[in-house]
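Student: If it helps, the file is called run26.csv and holds CSV, C-alpha atoms:
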chain,number,residue,atom,x,y,z
A,1,MET,CA,106.5,49.6,222.3
A,2,ARG,CA,107.5,46.8,219.9
A,3,ARG,CA,104.0,45.2,220.3
A,4,LEU,CA,102.4,48.6,219.4
A,5,GLY,CA,104.6,48.9,216.3
A,6,LEU,CA,103.6,45.4,215.1
A,7,PHE,CA,100.0,46.2,215.8
A,8,LEU,CA,100.2,49.4,213.7
A,9,LEU,CA,102.0,47.5,210.9
A,10,GLY,CA,99.2,45.0,210.9
A,11,LEU,CA,96.6,47.8,210.5
A,12,LEU,CA,98.6,49.2,207.5
A,13,LEU,CA,98.7,45.9,205.7
A,14,ALA,CA,95.2,44.6,206.5
A,15,LEU,CA,93.2,46.3,203.8
A,16,PRO,CA,90.3,43.9,203.0
A,17,VAL,CA,90.6,42.3,199.6
A,18,ALA,CA,87.8,43.1,197.1
A,19,ARG,CA,85.8,40.2,195.8
A,20,GLY,CA,87.7,39.1,192.7
A,21,GLY,CA,90.3,41.8,193.4
A,22,GLU,CA,94.0,42.1,192.7
A,23,ARG,CA,95.6,40.9,189.4
A,24,ARG,CA,95.4,37.7,187.6
A,25,SER,CA,97.5,36.6,184.5
A,26,GLU,CA,96.8,33.9,182.0
A,27,LEU,CA,99.5,32.7,179.6
A,28,LEU,CA,98.1,32.5,176.1
A,29,ASN,CA,100.9,30.5,174.4
A,30,PHE,CA,99.0,27.4,173.3
A,31,ASP,CA,97.0,26.3,170.3
A,32,TRP,CA,97.3,29.3,167.9
A,33,ARG,CA,96.3,28.9,164.3
A,34,PHE,CA,99.0,30.1,161.8
A,35,ARG,CA,99.4,30.6,158.1
A,36,LEU,CA,102.0,32.4,155.9
A,37,GLY,CA,100.9,35.0,153.4
A,38,GLU,CA,98.2,37.5,153.1
A,39,GLN,CA,94.8,36.3,154.3
A,40,SER,CA,91.9,38.5,153.4
A,41,GLY,CA,89.4,38.9,156.2
A,42,ALA,CA,91.4,36.7,158.7
A,43,GLU,CA,90.8,39.3,161.5
A,44,ARG,CA,87.0,38.5,161.5
A,45,PRO,CA,85.7,36.0,164.0
A,46,GLY,CA,83.7,34.1,161.4
A,47,TYR,CA,86.7,33.5,159.1
A,48,ASP,CA,87.3,29.8,158.4
A,49,ASP,CA,90.8,28.8,159.6
A,50,ARG,CA,90.3,25.1,159.8
A,51,GLY,CA,93.0,24.5,157.1
A,52,TRP,CA,95.7,26.5,159.1
A,53,GLU,CA,98.5,25.0,161.0
A,54,THR,CA,98.3,24.7,164.8
A,55,VAL,CA,101.4,26.1,166.5
A,56,GLN,CA,102.6,26.8,170.1
A,57,LEU,CA,104.3,30.0,171.2
A,58,PRO,CA,107.0,31.2,171.3
A,59,HIS,CA,107.1,30.5,167.5
A,60,ASP,CA,109.7,31.6,164.9
A,61,ALA,CA,107.9,31.3,161.6
A,62,SER,CA,111.2,32.0,159.7
A,63,ILE,CA,113.1,28.7,160.4
A,64,TYR,CA,110.9,26.5,158.2
A,65,GLY,CA,111.2,25.9,154.5
A,66,PRO,CA,114.0,26.4,152.1
A,67,PHE,CA,116.8,28.9,152.2
A,68,VAL,CA,116.3,31.8,149.7
A,69,ARG,CA,119.0,33.8,147.9
A,70,ASP,CA,117.2,36.0,145.4
A,71,THR,CA,115.2,39.2,145.2
A,72,LEU,CA,112.1,37.6,146.8
A,73,GLY,CA,113.3,38.1,150.4
A,74,GLY,CA,116.5,36.1,151.2
A,75,ASP,CA,119.6,38.0,152.2
A,76,ARG,CA,122.9,37.3,154.0
A,77,ALA,CA,122.1,39.5,157.1
A,78,ASN,CA,119.0,37.3,157.7
A,79,GLY,CA,120.8,34.0,157.2
A,80,TYR,CA,119.1,33.7,153.8
A,81,ARG,CA,115.8,33.0,155.4
A,82,PRO,CA,112.7,34.2,153.6
A,83,ARG,CA,110.9,37.4,154.9
A,84,ASN,CA,107.2,37.0,154.9
A,85,VAL,CA,103.8,38.2,156.0
A,86,GLY,CA,102.0,35.9,158.3
A,87,TRP,CA,98.8,35.6,160.4
A,88,TYR,CA,97.9,34.1,163.8
A,89,ARG,CA,94.5,33.4,165.3
A,90,LYS,CA,93.4,32.2,168.7
A,91,HIS,CA,90.1,31.7,170.4
A,92,LEU,CA,89.9,32.4,174.1
A,93,THR,CA,87.1,32.2,176.6
A,94,VAL,CA,86.2,34.9,179.1
A,95,ALA,CA,84.0,33.4,181.8
A,96,ARG,CA,82.9,36.8,183.2
A,97,LYS,CA,83.6,40.5,183.1
A,98,PRO,CA,83.1,41.8,186.6
A,99,ALA,CA,82.5,45.5,187.2
A,100,GLY,CA,85.6,47.5,188.1
A,101,ARG,CA,87.9,45.1,186.2
A,102,ARG,CA,90.1,45.7,183.1
A,103,PHE,CA,91.5,43.1,180.7
A,104,LEU,CA,95.0,43.8,179.3
A,105,LEU,CA,96.5,41.9,176.4
A,106,GLU,CA,100.3,41.8,176.5
A,107,PHE,CA,102.7,40.7,173.8
A,108,GLU,CA,106.3,40.3,174.8
A,109,GLY,CA,107.4,40.7,171.2
A,110,VAL,CA,106.2,40.1,167.6
A,111,TYR,CA,108.6,40.5,164.7
A,112,ARG,CA,107.6,42.8,163.1
A,113,ALA,CA,104.9,45.5,162.2
A,114,ALA,CA,102.3,43.6,164.2
A,115,GLU,CA,98.6,44.6,164.0
A,116,VAL,CA,96.3,43.1,166.6
A,117,TRP,CA,92.5,42.6,166.4
A,118,VAL,CA,90.1,41.4,169.1
A,119,ASN,CA,86.8,40.2,167.8
A,120,GLY,CA,87.4,42.1,164.5
A,121,ARG,CA,88.3,45.4,166.2
A,122,SER,CA,91.9,46.7,165.6
A,123,MET,CA,93.8,47.4,168.8
A,124,GLY,CA,96.8,49.1,167.1
A,125,ILE,CA,100.1,48.5,165.3
A,126,GLN,CA,103.5,47.9,166.9
A,127,LEU,CA,106.3,48.4,164.4
A,128,ASN,CA,109.3,47.3,166.6
A,129,GLY,CA,109.7,43.6,166.8
A,130,TYR,CA,111.6,43.5,170.1
A,131,LEU,CA,109.6,45.9,172.3
A,132,ASP,CA,106.8,44.4,174.4
A,133,PHE,CA,103.4,46.1,174.1
A,134,GLU,CA,100.0,46.0,175.7
A,135,TYR,CA,96.4,46.9,174.8
A,136,ASP,CA,93.4,47.5,177.1
A,137,VAL,CA,91.0,45.1,175.4
A,138,THR,CA,88.2,45.3,178.0
A,139,ASP,CA,85.7,47.0,175.7
A,140,ALA,CA,86.4,44.6,172.8
A,141,LEU,CA,86.0,41.4,174.8
A,142,HIS,CA,82.7,39.8,175.7
A,143,GLU,CA,81.7,36.9,178.0
A,144,GLY,CA,82.1,33.6,176.2
A,145,ASP,CA,84.2,33.0,173.1
A,146,ASN,CA,86.5,35.7,171.7
A,147,LEU,CA,89.0,35.9,168.8
A,148,VAL,CA,92.5,37.4,168.8
A,149,ALA,CA,94.1,37.8,165.4
A,150,VAL,CA,97.6,39.0,164.7
A,151,ARG,CA,99.2,40.0,161.4
A,152,TYR,CA,102.9,40.6,161.0
A,153,ASP,CA,104.9,42.0,158.1
A,154,ASN,CA,108.7,41.2,158.0
A,155,ARG,CA,109.3,42.1,154.4
A,156,TYR,CA,111.3,45.3,155.1
A,157,LYS,CA,114.9,44.3,154.6
A,158,ALA,CA,116.6,47.2,156.4
A,159,SER,CA,114.9,46.5,159.7
A,160,SER,CA,118.1,44.9,161.1
A,161,ARG,CA,121.5,43.7,160.1
A,162,TRP,CA,121.3,40.2,161.7
A,163,TYR,CA,118.9,37.3,161.8
A,164,THR,CA,115.6,38.5,163.2
A,165,GLY,CA,113.2,35.6,163.0
A,166,GLU,CA,109.6,36.5,162.5
A,167,GLY,CA,106.1,36.0,164.0
A,168,ILE,CA,105.0,35.9,167.6
A,169,ASN,CA,108.3,34.7,169.0
A,170,ARG,CA,107.7,35.7,172.7
A,171,ASN,CA,105.0,35.1,175.3
A,172,VAL,CA,101.5,36.4,175.2
A,173,TRP,CA,99.5,37.2,178.3
A,174,LEU,CA,96.0,38.2,179.3
A,175,HIS,CA,96.0,40.2,182.5
A,176,GLU,CA,92.8,40.9,184.5
A,177,VAL,CA,93.4,43.9,186.8
A,178,SER,CA,91.5,46.4,188.9
A,179,ASP,CA,90.5,49.8,187.6
A,180,LEU,CA,92.6,51.2,190.5
A,181,ARG,CA,96.1,49.7,190.2
A,182,VAL,CA,99.8,50.1,189.8
A,183,ASP,CA,100.4,51.4,186.2
A,184,ARG,CA,102.3,49.4,183.6
A,185,TYR,CA,105.9,49.3,184.8
A,186,GLY,CA,104.7,51.7,187.4
A,187,THR,CA,107.3,51.3,190.1
A,188,PHE,CA,110.9,52.6,190.3
A,189,VAL,CA,113.1,51.8,193.2
A,190,SER,CA,116.5,53.5,193.7
A,191,THR,CA,119.1,53.4,196.5
A,192,PRO,CA,120.9,56.8,196.2
A,193,ARG,CA,122.6,56.8,199.6
A,194,ILE,CA,124.3,53.8,201.1
A,195,LEU,CA,126.2,54.0,204.4
A,196,PRO,CA,128.0,51.2,206.3
A,197,ASP,CA,125.0,50.6,208.6
A,198,SER,CA,122.0,51.8,206.5
A,199,ALA,CA,120.7,52.6,203.0
A,200,ARG,CA,118.1,55.1,201.8
A,201,VAL,CA,115.5,53.5,199.5
A,202,GLU,CA,113.4,55.8,197.3
A,203,ILE,CA,110.2,54.4,195.8
A,204,GLU,CA,108.2,55.9,193.0
A,205,THR,CA,104.8,54.3,192.4
A,206,THR,CA,102.6,55.5,189.5
A,207,VAL,CA,98.9,54.5,190.1
A,208,CYS,CA,96.3,54.4,187.4
A,209,ASN,CA,92.7,55.3,188.2
A,210,ASP,CA,90.5,54.1,185.3
A,211,ARG,CA,87.3,54.9,187.2
A,212,ALA,CA,85.1,57.8,186.0
A,213,ASP,CA,84.9,59.2,189.5
A,214,SER,CA,87.6,60.5,191.8
A,215,VAL,CA,88.9,58.2,194.6
A,216,VAL,CA,91.0,58.5,197.7
A,217,CYS,CA,93.9,56.2,196.9
A,218,THR,CA,96.1,54.5,199.6
A,219,VAL,CA,99.5,53.2,198.7
A,220,VAL,CA,101.3,51.0,201.2
A,221,SER,CA,104.9,50.0,200.3
A,222,GLU,CA,106.4,47.2,202.4
A,223,ILE,CA,110.1,46.5,202.0
A,224,LEU,CA,111.0,42.8,202.4
A,225,SER,CA,114.5,41.6,203.2
A,226,PRO,CA,116.1,38.8,201.1
A,227,ALA,CA,114.9,36.3,203.7
A,228,GLY,CA,111.3,37.7,203.4
A,229,GLY,CA,111.0,39.7,206.6
A,230,THR,CA,109.6,43.2,206.7
A,231,VAL,CA,112.3,45.9,207.3
A,232,ALA,CA,110.3,49.0,206.5
A,233,VAL,CA,106.7,50.2,205.7
A,234,ARG,CA,105.5,53.5,204.2
A,235,ARG,CA,101.9,54.6,203.7
A,236,SER,CA,100.6,57.5,201.5
A,237,VAL,CA,97.1,58.7,200.9
A,238,VAL,CA,96.2,61.0,197.9
A,239,PRO,CA,92.9,62.0,196.3
A,240,MET,CA,92.9,61.1,192.6
A,241,ALA,CA,90.7,62.5,189.9
A,242,GLY,CA,88.8,60.1,187.6
A,243,GLU,CA,90.7,58.7,184.6
A,244,SER,CA,94.0,60.0,185.9
A,245,ARG,CA,97.5,58.8,186.9
A,246,PHE,CA,99.5,60.0,189.9
A,247,THR,CA,103.1,59.2,191.0
A,248,PHE,CA,103.5,58.6,194.7
A,249,ARG,CA,107.0,59.2,196.1
A,250,GLN,CA,108.1,57.5,199.3
A,251,GLN,CA,111.4,57.2,201.2
A,252,ALA,CA,112.6,54.7,203.8
A,253,TRP,CA,115.8,53.6,205.5
A,254,VAL,CA,117.0,50.0,205.6
A,255,HIS,CA,119.3,49.2,208.5
A,256,ASP,CA,122.3,46.8,208.1
A,257,PRO,CA,121.6,46.4,204.4
A,258,GLN,CA,122.7,43.2,202.5
A,259,LEU,CA,124.4,44.5,199.4
A,260,TRP,CA,123.8,43.0,195.9
A,261,ASP,CA,127.0,41.7,194.4
A,262,THR,CA,128.0,39.4,191.6
A,263,GLU,CA,129.1,36.8,194.2
A,264,ALA,CA,126.1,37.3,196.5
A,265,PRO,CA,123.1,38.7,194.6
A,266,GLN,CA,121.0,39.7,197.6
A,267,LEU,CA,117.5,41.0,196.5
A,268,TYR,CA,115.0,42.9,198.5
A,269,THR,CA,111.4,43.3,197.4
A,270,VAL,CA,109.0,46.2,197.5
A,271,ARG,CA,105.5,44.8,198.0
A,272,THR,CA,103.0,47.5,197.0
A,273,ARG,CA,99.4,47.4,198.1
A,274,ILE,CA,96.8,49.7,196.5
A,275,GLY,CA,93.5,50.5,198.2
A,276,ASP,CA,90.5,52.8,197.8
A,277,GLY,CA,89.7,53.2,201.5
A,278,SER,CA,87.3,50.3,201.7
A,279,CYS,CA,89.2,47.4,200.1
A,280,ARG,CA,92.5,46.4,198.5
A,281,THR,CA,92.5,46.6,194.7
A,282,ASP,CA,96.0,45.7,193.7
A,283,LEU,CA,99.1,43.9,194.9
A,284,TYR,CA,102.4,44.4,193.0
A,285,GLU,CA,106.0,43.3,193.8
A,286,THR,CA,109.2,44.9,192.7
A,287,PRO,CA,112.6,43.1,193.4
A,288,PHE,CA,115.6,45.4,193.8
A,289,GLY,CA,119.2,45.3,194.9
A,290,ILE,CA,121.0,47.7,197.2
A,291,ARG,CA,124.4,48.4,195.6
A,292,ASP,CA,126.7,51.2,194.7
A,293,VAL,CA,128.1,51.3,191.1
A,294,GLU,CA,131.0,53.6,190.2
A,295,MET,CA,132.9,54.0,187.0
A,296,SER,CA,136.0,56.2,186.6
A,297,PRO,CA,139.0,56.4,184.2
A,298,GLU,CA,141.4,55.8,187.2
A,299,GLU,CA,139.6,52.8,188.8
A,300,GLY,CA,137.4,51.4,186.1
A,301,LEU,CA,134.3,49.6,187.5
A,302,LYS,CA,133.8,49.6,191.3
A,303,LEU,CA,130.9,47.7,192.8
A,304,ASN,CA,130.2,48.5,196.4
A,305,GLY,CA,133.7,50.0,196.7
A,306,ARG,CA,135.4,46.9,195.3
A,307,LYS,CA,137.1,46.9,191.9
A,308,VAL,CA,135.5,44.4,189.6
A,309,PHE,CA,136.9,43.1,186.3
A,310,VAL,CA,134.1,42.6,183.8
A,311,LYS,CA,134.2,39.2,182.3
A,312,GLY,CA,131.5,38.5,179.9
A,313,VAL,CA,130.2,38.0,176.4
A,314,CYS,CA,127.9,39.7,173.8
A,315,LEU,CA,124.7,37.8,173.2
A,316,HIS,CA,122.1,37.9,170.4
A,317,HIS,CA,118.5,37.2,170.9
A,318,ASP,CA,118.3,33.9,169.0
A,319,LEU,CA,118.7,30.4,170.6
A,320,GLY,CA,120.6,28.5,167.9
A,321,ALA,CA,118.5,25.8,166.4
A,322,LEU,CA,115.4,27.2,168.1
A,323,GLY,CA,115.8,30.4,166.0
A,324,ALA,CA,114.3,33.6,167.5
A,325,ALA,CA,111.6,31.7,169.6
A,326,ALA,CA,112.3,33.1,173.1
A,327,PHE,CA,112.0,30.2,175.6
A,328,GLU,CA,112.7,31.1,179.2
A,329,ASP,CA,114.4,27.8,179.9
A,330,GLY,CA,116.6,28.2,176.9
A,331,PHE,CA,117.9,31.6,178.1
A,332,ALA,CA,118.3,30.2,181.7
A,333,ARG,CA,120.4,27.3,180.3
A,334,ARG,CA,122.6,29.6,178.3
A,335,LEU,CA,123.2,32.1,181.0
A,336,GLY,CA,123.7,29.4,183.6
A,337,ARG,CA,126.5,27.9,181.6
A,338,LEU,CA,128.1,31.3,181.1
A,339,LYS,CA,128.0,31.9,184.9
A,340,ARG,CA,129.6,28.5,185.5
A,341,MET,CA,132.4,29.4,183.0
A,342,GLY,CA,133.2,32.5,185.1
A,343,CYS,CA,131.3,35.2,183.4
A,344,ASN,CA,129.9,38.0,185.5
A,345,ALA,CA,128.4,40.2,182.8
A,346,VAL,CA,126.6,40.1,179.5
A,347,ARG,CA,125.9,42.6,176.8
A,348,LEU,CA,122.4,42.2,175.4
A,349,SER,CA,122.8,43.1,171.8
A,350,HIS,CA,121.3,45.0,170.2
A,351,ASN,CA,117.7,45.3,171.2
A,352,VAL,CA,115.2,44.9,174.0
A,353,TYR,CA,115.2,41.4,175.6
A,354,PRO,CA,112.4,39.6,177.4
A,355,LYS,CA,112.1,40.8,181.0
A,356,TYR,CA,112.8,37.3,182.4
A,357,VAL,CA,116.3,37.5,181.1
A,358,LEU,CA,117.0,40.6,183.2
A,359,GLU,CA,115.3,39.0,186.2
A,360,TRP,CA,117.6,35.9,185.8
A,361,CYS,CA,120.6,38.2,185.8
A,362,ASP,CA,119.4,40.0,188.9
A,363,ARG,CA,118.8,36.7,190.8
A,364,ASN,CA,122.1,35.2,189.7
A,365,GLY,CA,124.6,38.0,190.0
A,366,MET,CA,125.1,38.9,186.4
A,367,LEU,CA,126.0,42.5,185.4
A,368,VAL,CA,124.1,43.7,182.3
A,369,TYR,CA,124.9,46.1,179.5
A,370,ASP,CA,121.3,46.6,178.4
A,371,GLU,CA,121.1,48.0,174.9
A,372,MET,CA,117.9,49.5,173.4
A,373,TYR,CA,118.4,50.0,169.7
A,374,ASP,CA,121.0,49.5,167.0
A,375,LYS,CA,119.7,51.0,163.8
A,376,TRP,CA,120.9,52.5,160.6
A,377,SER,CA,117.8,54.7,160.2
A,378,GLY,CA,115.0,56.2,162.2
A,379,GLN,CA,112.5,53.3,161.4
A,380,PHE,CA,111.5,50.7,163.9
The structure in this file should be written as structure tokens.

Tutor:
Amino acid sequence: MRRLGLFLLGLLLALPVARGGERRSELLNFDWRFRLGEQSGAERPGYDDRGWETVQLPHDASIYGPFVRDTLGGDRANGYRPRNVGWYRKHLTVARKPAGRRFLLEFEGVYRAAEVWVNGRSMGIQLNGYLDFEYDVTDALHEGDNLVAVRYDNRYKASSRWYTGEGINRNVWLHEVSDLRVDRYGTFVSTPRILPDSARVEIETTVCNDRADSVVCTVVSEILSPAGGTVAVRRSVVPMAGESRFTFRQQAWVHDPQLWDTEAPQLYTVRTRIGDGSCRTDLYETPFGIRDVEMSPEEGLKLNGRKVFVKGVCLHHDLGALGAAAFEDGFARRLGRLKRMGCNAVRLSHNVYPKYVLEWCDRNGMLVYDEMYDKWSGQF
């Protein structure tokens, strides 16, 4: 019987991979051209930027030059650093544009009011300087040389009440994905029922079908233990209309679960495979912890039934002398030292952080108070 089960499991996971299928990601942090101030026509591919400075990302354009304390832009909340308009330009090469593939340009954060152009075509404007954002740039890209241009505007003084930095201060990515895939942040895993010998895992997977035609979509969710072994598999098949999204809901039980705790941060993984019946089009992984969190006036915080005293600090997004340039190694060094000091929690104030900060906390047993906004007005 066990051999039959393993055979069936193999059938579920053995969707053939399409030629050039699944997702690829390229980090676009290197060799951008940069200049402060308004630059007329800088979004056009033919613009001459040979006199611009070459910079590497993440980049905080606000830490250079003199301090300013006058009406031109310096103020106490921003550390008397000037507030400017600035431009970035980068050339990138696309070797080929296969049929059935989409290209997504992701910015993890640009402070602030960033407008993005690809080959002179505006992709949109993102006002908030801390939220990551993504554009489907497939139609704007062509094979060969392409230009990405970014303009930011940090002159609005009331955007924050602390030092913000400015410019492209987080990572930039180009993702190549299938037109049938897990949607952006398209998985949600919860563990609503935990018993001594088992835990119920609920999985929501939103699939994006960018094809013009309908498709019979297969979603296979494989739950991996912290050691990497398969502990459960669920398979769902749903017909999807063209240019649509659908959320699959699946449920599985994990026996003898290893609970996530600040002292033993055990992480499971949902490995999601998407297929169209003939081939696999996407592979996506979502780490998660099985844990029970309870808060009450009588007991305070209880984690997996154990009372836990929160010992932590409030962090801002800057990295000292590096300014607001968000380097992953810099955050890992800071958080690692806090953990060694005895901290088990951090408050991320007062805005959205890079996702690798949350991932570090998951892996290393750090509780997180994750704030979204701290604003005095409705602007972003």

Student: Here is a test: counting only C-alpha atoms, which residue of A:Cys361, A:Ala113, A:Cys279, A:Leu338 is nearest to Leu267 in chain A?

Tutor: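 Distance minimum relative to Leu267 in chain A lands on A:Cys361.
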
Student: Work out how far CA of Trp173 in chain A is from CA of Tyr268 in chain A, in Å to one decimal.

Tutor: 26.1 Å

Student: Fewer than 3 positions away in the same chain doesn't count, so skip those; otherwise give me all residues within 12 Å of Asn169 in chain A, counting all atoms listed in the file, as a PyMOL selection string.

Tutor: chain A and resi 29+55-63+88+107-112+114+129-132+152+164-166+172+317-319+322-328+353-354

Student: Check the smallest atom-to-atom distance from each of A:Arg234, A:Arg83, A:His142, A:Arg245 to Pro98 in chain A using all atoms listed in the file, then report the winner.

Tutor: A:His142

Student: May I have the protein, DNA and RNA residues with any atom at most 9 Å from the point (111.0, 48.2, 204.8), counting all atoms listed in the file, written as a PyMOL selection string?

Tutor: chain A and resi 201+221-225+229-234+252-254+269-270

Student: Skip Gln266 in chain A itself and residues of its chain fewer than 5 positions away, then list as a JSON list (two decimals) with C-alpha atoms, in the frame of the given file all residues within 12 Å of it, counting all atoms listed in the file.

Tutor:
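Once everything was written out, this is out01.json:
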[["chain", "number", "residue", "atom", "x", "y", "z"],
["A", 224, "LEU", "CA", 111.00, 42.80, 202.40],
["A", 225, "SER", "CA", 114.50, 41.60, 203.20],
["A", 226, "PRO", "CA", 116.10, 38.80, 201.10],
["A", 227, "ALA", "CA", 114.90, 36.30, 203.70],
["A", 228, "GLY", "CA", 111.30, 37.70, 203.40],
["A", 257, "PRO", "CA", 121.60, 46.40, 204.40],
["A", 258, "GLN", "CA", 122.70, 43.20, 202.50],
["A", 259, "LEU", "CA", 124.40, 44.50, 199.40],
["A", 260, "TRP", "CA", 123.80, 43.00, 195.90],
["A", 261, "ASP", "CA", 127.00, 41.70, 194.40],
["A", 287, "PRO", "CA", 112.60, 43.10, 193.40],
["A", 288, "PHE", "CA", 115.60, 45.40, 193.80],
["A", 289, "GLY", "CA", 119.20, 45.30, 194.90],
["A", 290, "ILE", "CA", 121.00, 47.70, 197.20],
["A", 291, "ARG", "CA", 124.40, 48.40, 195.60],
["A", 361, "CYS", "CA", 120.60, 38.20, 185.80],
["A", 362, "ASP", "CA", 119.40, 40.00, 188.90],
["A", 363, "ARG", "CA", 118.80, 36.70, 190.80],
["A", 364, "ASN", "CA", 122.10, 35.20, 189.70],
["A", 365, "GLY", "CA", 124.60, 38.00, 190.00],
["A", 366, "MET", "CA", 125.10, 38.90, 186.40]]

Student: Report the distance between CA of Glu43 in chain A and CA of Gly120 in chain A in Å, rounded to one decimal place.

Tutor: 5.3 Å

Student: Which protein, DNA or RNA residues are at most 9 Å from (123.4, 42.3, 162.0) in the file's coordinates when you count all atoms listed in the file, listed as a PDB file with C-alpha atoms, in the frame of the given file?

Tutor:
ATOM      1  CA  ALA A  77     122.100  39.500 157.100  1.00  0.00           C
ATOM      2  CA  ASN A  78     119.000  37.300 157.700  1.00  0.00           C
ATOM      3  CA  SER A 160     118.100  44.900 161.100  1.00  0.00           C
ATOM      4  CA  ARG A 161     121.500  43.700 160.100  1.00  0.00           C
ATOM      5  CA  TRP A 162     121.300  40.200 161.700  1.00  0.00           C
ATOM      6  CA  TYR A 163     118.900  37.300 161.800  1.00  0.00           C
ATOM      7  CA  THR A 164     115.600  38.500 163.200  1.00  0.00           C
ATOM      8  CA  HIS A 350     121.300  45.000 170.200  1.00  0.00           C
TER       9      HIS A 350
END

Student: Using all atoms listed in the file, which of A:Asp183, A:Glu299, A:Glu106, A:Glu115 sits nearest Phe133 in chain A?

Tutor: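 The answer is A:Glu106, which sits nearest to Phe133 in chain A.
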
Student: Which polymer residues have any atom within 12 Å of an atom of Gly305 in chain A, counting all atoms listed in the file, with same-chain residues fewer than 3 positions away left out, as a compact mmCIF listing (two decimals) with C-alpha atoms, in the frame of the given file?

Tutor:
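Final output, saved to result-v3.txt:
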# COMPACT_ATOMS: atom_id res chain seq x y z
CA ILE A 194 124.30 53.80 201.10
CA LEU A 195 126.20 54.00 204.40
CA PRO A 196 128.00 51.20 206.30
CA LEU A 259 124.40 44.50 199.40
CA ASP A 261 127.00 41.70 194.40
CA ARG A 291 124.40 48.40 195.60
CA ASP A 292 126.70 51.20 194.70
CA VAL A 293 128.10 51.30 191.10
CA GLU A 294 131.00 53.60 190.20
CA MET A 295 132.90 54.00 187.00
CA GLU A 299 139.60 52.80 188.80
CA GLY A 300 137.40 51.40 186.10
CA LEU A 301 134.30 49.60 187.50
CA LYS A 302 133.80 49.60 191.30
CA VAL A 308 135.50 44.40 189.60

Student: Between CA of Ser236 in chain A and CA of Thr281 in chain A, measure the distance and give it in Å to one decimal.

Tutor: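 Computing the Euclidean distance for CA of Ser236 in chain A and CA of Thr281 in chain A yields 15.2 Å.
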
Student: Name the closest residue to Leu180 in chain A among the candidates A:Ser296, A:Asn84, A:Ser25, A:Ser244; distances are taken between atoms, counting all atoms listed in the file.

Tutor: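 That would be A:Ser244, the residue with the smallest distance to Leu180 in chain A.
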
Student: Of the candidates A:Val207, A:Val85, A:Val238, A:Leu127, which one gets nearest to Gly167 in chain A if we count all atoms listed in the file?

Tutor: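 Under the stated criterion, the closest residue is A:Val85.
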
Student: As a list in words, please: the residues near Arg249 in chain A (cut-off 9 Å, only C-alpha atoms, same-chain neighbours under 3 positions excluded).

Tutor: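 Here the answer would be Glu202, Ile203, Glu204, Thr205, Thr206 and Ser236 of chain A.
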
Student: Filtering to C-alpha atoms, could you give me those residues as a CSV table (one decimal), in the frame of the given file?

Tutor:
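The result, written out as result_24.csv:
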chain,number,residue,atom,x,y,z
A,202,GLU,CA,113.4,55.8,197.3
A,203,ILE,CA,110.2,54.4,195.8
A,204,GLU,CA,108.2,55.9,193.0
A,205,THR,CA,104.8,54.3,192.4
A,206,THR,CA,102.6,55.5,189.5
A,236,SER,CA,100.6,57.5,201.5

Student: Could you check the closest approach to Gly342 in chain A for each of A:Asn304, A:Asn154, A:Thr262, A:Thr93 and tell me which residue wins, using only C-alpha atoms?

Tutor: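 Among A:Asn304, A:Asn154, A:Thr262, A:Thr93, it is A:Thr262 that comes nearest to Gly342 in chain A.
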
Student: Quick one: residues within 6 Å of Thr54 in chain A, only C-alpha atoms counted, chain neighbours fewer than 4 positions away excluded, as a PyMOL selection string?

Tutor: chain A and resi 31-33
